[in-house]
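Enquirer: Dumping the structure here so I can ask a few things about it.
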There are 2 protein chains.
Amino acid sequence: MTLYVIGIGPGSRDGMTAEAVKIIERCELVVGYTVYADLLRPYFPEKEYVTTGMRQERERVRMACEAAQSRDVALVCSGDSEAYGMAALAYEIGQEFPAIEIVTVPGVTAALSGGALLGSPLTSDFAVISLSDYLTPWETIEKRLLAASEADFVIVLYNPASHARKDYLQRACELVLQKRPAETVCGIARNIGRDGQETRILTLGELRDTQADMFTTVYIGSSATVEIGGKMITYRGYK
Amino acid sequence: MTLYVIGIGPGSRDGMTAEAVKIIERCELVVGYTVYADLLRPYFPEKEYVTTGMRQERERVRMACEAAQSRDVALVCSGDSEAYGMAALAYEIGQEFPAIEIVTVPGVTAALSGGALLGSPLTSDFAVISLSDYLTPWETIEKRLLAASEADFVIVLYNPASHARKDYLQRACELVLQKRPAETVCGIARNIGRDGQETRILTLGELRDTQADMFTTVYIGSSATVEIGGKMITYRGYK
């Protein structure tokens, strides 16, 4: 049978692709992180749900693979199924389950859905970096922040902070400030497509002193990024 | 009235979000690049269409803004409306049309839809770079390629080649090869979600000698990218 690893977008049914909706409708079983599975329940109440908590990614994917031996399974991810999602892990663990097929179904990742709320920050070349050092050494994250700043990418930060990493956004901003002016236009999108949705445009200097949480996506502009009428816009310079 | 700048995903109706479909249904007029507008006609045959050719971005957006003074308008973009799309230009030109409201509606950009076909190349930090030097100086592109390679991002290349830029993918690969081994796992996705869809997994050394066109999206793996059963996967190392 097939294990579909599905990006559900920011969380509302309207943010899902028609493909994602059709495939979930076809599967009996939905597997996911508790918070994201709960977003789906109102839209697909007749499904069977198996959920696991944070940091139980391997267990979650293994359960999904096991179940997919006897029926089609939807393994759901917030945003996109690839970008910091479960798709890669499904292919990795799926090697132990040769009878199942794995299909990646893309979704609108937070970089795009949050960017749309802010205006259009990602119109030119951009780099996406997670500040979580749970799976990536901080030295690697630091190197990427400096490289992306130096080369004038628009930078999107996922997982900018958590209870255990309260000052990571500040640390990231201090690195970027080595390469870019404090007036650089930045933006924040929080609870994208959900209750409590909010956005804010601010300077890099202000961003350094701002508290973020794990429901926040952060945008650091390039030299081509400006504020127009309360929106964060990166010019692409069409002639 | 409102100008909606809408990412329609790779081109099939299934790849569009429910939000994008609903908004297009609500608008009378659809404005877009000829090729992408033609993808929509079969799904929304009752709409009025205004289309322009390549490199007529400013004219296209200005027409959309003018029309939005009297009715709601859908300005459609392939993939996402931000990423190399028309959203930023709409806000820029929209300043001359204070009566209209502009709303960005995100879509699944080619990096994600092509990545899903290849498996899951974008599971960790990634950088998106267009090789078109029509709007960005080649020196800037070169700097970004080197910085992203050095910092071990997965790299996605948009616009890897065109009639006038036949050797740009080769030039890009030669830069990346200064920083990464020739065995680096790479991937190509072509005509994503359309007739003639194809993917290929190959090494960076092979990619250098491969012809691409403007319908191709290219993926250059990081040190964590592997091939598993014909799929391109970037490990994120869940414990």
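The chains in the structure tokens are called A, B, ... from first to last as shown; in each chain the residues are counted from 1, and the ligands are counted from 1 in the order shown.
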Do a neighbour search on Tyr4 of chain A at 8 Å with only C-alpha atoms, toss out local chain neighbours closer than 2 positions, and write the hits as an MDAnalysis selection string.

Expert: chainID A and resid 2 6 23 72:75 102:105

Enquirer: Extract, using only C-alpha atoms, all DNA, RNA and protein residues at most 10 Å from segment 25-29 of chain A, discarding same-chain residues fewer than 5 positions from it, and format them as a PyMOL selection string.

Expert: chain A and resi 2-4+19-20+43-44+46-50+64+67-68+71-75

Enquirer: Show me which bits of chain B are within 7 Å of chain A, counting only C-alpha atoms, as an MDAnalysis selection string.

Expert: chainID B and resid 14:19 57:58 82:85 87:88 104:108 112:113 116:117 119:120 122:130 135 143:144 147:148 151 233:238

Enquirer: What gap, in Å, lies between atom CA of Arg60 of chain A and atom CA of Lys166 of chain A?

Expert: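 So the two atoms, atom CA of Arg60 of chain A and atom CA of Lys166 of chain A, lie 27.2 Å apart.
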
Enquirer: So how many Å separate atom CA of Lys179 of chain A and atom CA of Thr203 of chain A, to one decimal?

Expert: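 Those two atoms sit 14.4 Å apart.
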
Enquirer: When you look at Asp209 of chain B with a cut-off of 9 Å (counting only C-alpha atoms), what residues show up, excluding the ones that are within fewer than 4 positions of it in the same chain? I need them as an MDAnalysis selection string.

Expert: chainID B and resid 169:170 173 205
